[in-house]
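These notes concern the structure reproduced below.
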Amino acid sequence: MRLIVRWLVNMAALFVAVSLLPGLHFTGTIAQFAAVAAVFGLVNALLRPILAILSCPLIVLTLGLFTLVLNGAMLLATAWLSGRWHLGFRVDGWWAAILGGLVVGLVSTVLTLFVGERRERAE
């Protein structure tokens, strides 16, 4: 259940980013958009931890701002894979990817706060 909620949150966050930003484009069906959200989730689960460890000094040096570049890289990787698999998701460049990563991150955080699992307090 948690995986499905996370996938739906990714889907909604990507939808908001594609709707708001002129540098992110999607042309396709809802099933293709669901596949793009799944690809985005896989890229974040597999590639992001490796890049975060490798870029840890830059993240510390920039007081966390380099994570915006990482978020943009995740969107660019998703767009690249989506292009290879003809899913219809495209990002126009680094600035669009960085802004898209910012929007996806903010929307994802807000949605996770609203629909996230309630943790029971240990008594």
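Naming scheme: A, B, ... for chains in displayed order of the structure tokens; residues 1 onward per chain; ligands 1 onward as shown.
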
Requested in this report: Would you list the contacts of A:Ile4 as a list in words, taking every protein, DNA or RNA residue within 12 Å and counting only C-alpha atoms, but skipping same-chain residues closer than 3 positions in sequence?
Outcome: Met1, Trp7, Leu8, Val9, Asn10, Met11, Ala34, Ala37, Ala38, Gly41, Val115 and Gly116 of chain A

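Summary of the local environment: counting only C-alpha atoms, residues at most 12 Å from A:Leu106, other than itself and those fewer than 2 positions away along its chain, are A:Val9, A:Asn10, A:Ala12, A:Ala13, A:Leu14, A:Val16, A:Ala17, A:Leu68, A:Asn71, A:Leu99, A:Gly100, A:Gly101, A:Leu102, A:Val103, A:Val104, A:Ser108, A:Thr109, A:Val110, A:Leu111, A:Thr112, A:Leu113.
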
Using only C-alpha atoms, what does the table of stretch 45-109 of chain A residues within 9 Å of stretch 30-33 of chain A look like, with each row giving the shortest atom pair and its distance in Å to one decimal, sorted by chain and ascending number, as CSV?
residue,atom,partner,partner_atom,distance
A:His86,CA,A:Gln32,CA,8.7
A:Leu87,CA,A:Gln32,CA,5.4
A:Gly88,CA,A:Gln32,CA,7.3
A:Phe89,CA,A:Phe33,CA,7.9

Taking the backbone alone, and naming residues the way the document does, which bits of stretch 2-112 of chain A are strand (DSSP E) by DSSP, as a VMD selection string? chain A and resid 24 to 26 89 to 91

Query - Point-to-point distance from atom CA of A:Ala52 to atom CA of A:His25, Å rounded to tenths - result: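 Going from atom CA of A:Ala52 over to atom CA of A:His25 covers 26.3 Å.
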
- request: Please report, as a PyMOL selection string, each residue of chain A to which DSSP assigns helix (DSSP H, G or I) when run on this structure's backbone.
  value: chain A and resi 2-20+30-46+48-54+56-61+66-84+94-115

>> Residues near A:Leu46, anyone? I mean within 12 Å using only C-alpha atoms, not counting same-chain ones fewer than 6 positions away, as an MDAnalysis selection string.
In response: chainID A and resid 39:40 52 74 77:78

Convert the current residue selection to file output with N, CA and C atoms, as a CSV table (one decimal), in the first residue's frame.
chain,number,residue,atom,x,y,z
A,39,VAL,N,9.0,5.2,-13.5
A,39,VAL,CA,10.4,5.4,-13.9
A,39,VAL,C,11.1,6.4,-13.0
A,40,PHE,N,10.4,7.5,-12.7
A,40,PHE,CA,10.9,8.5,-11.8
A,40,PHE,C,11.2,7.9,-10.4
A,52,ALA,N,24.1,11.0,-4.3
A,52,ALA,CA,24.1,11.8,-3.1
A,52,ALA,C,25.4,11.5,-2.3
A,74,MET,N,17.8,13.9,-11.6
A,74,MET,CA,16.9,12.8,-11.6
A,74,MET,C,15.8,13.0,-12.6
A,77,ALA,N,17.4,12.2,-16.0
A,77,ALA,CA,17.5,10.8,-16.2
A,77,ALA,C,16.1,10.1,-16.5
A,78,THR,N,15.1,10.6,-15.9
A,78,THR,CA,13.8,10.1,-16.1
A,78,THR,C,13.3,10.5,-17.6

Take atom CA of A:Ala97 and atom CA of A:Val69 and report the distance between them in Å, one decimal.
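Calculated distance between atom CA of A:Ala97 and atom CA of A:Val69 is 8.3 Å.
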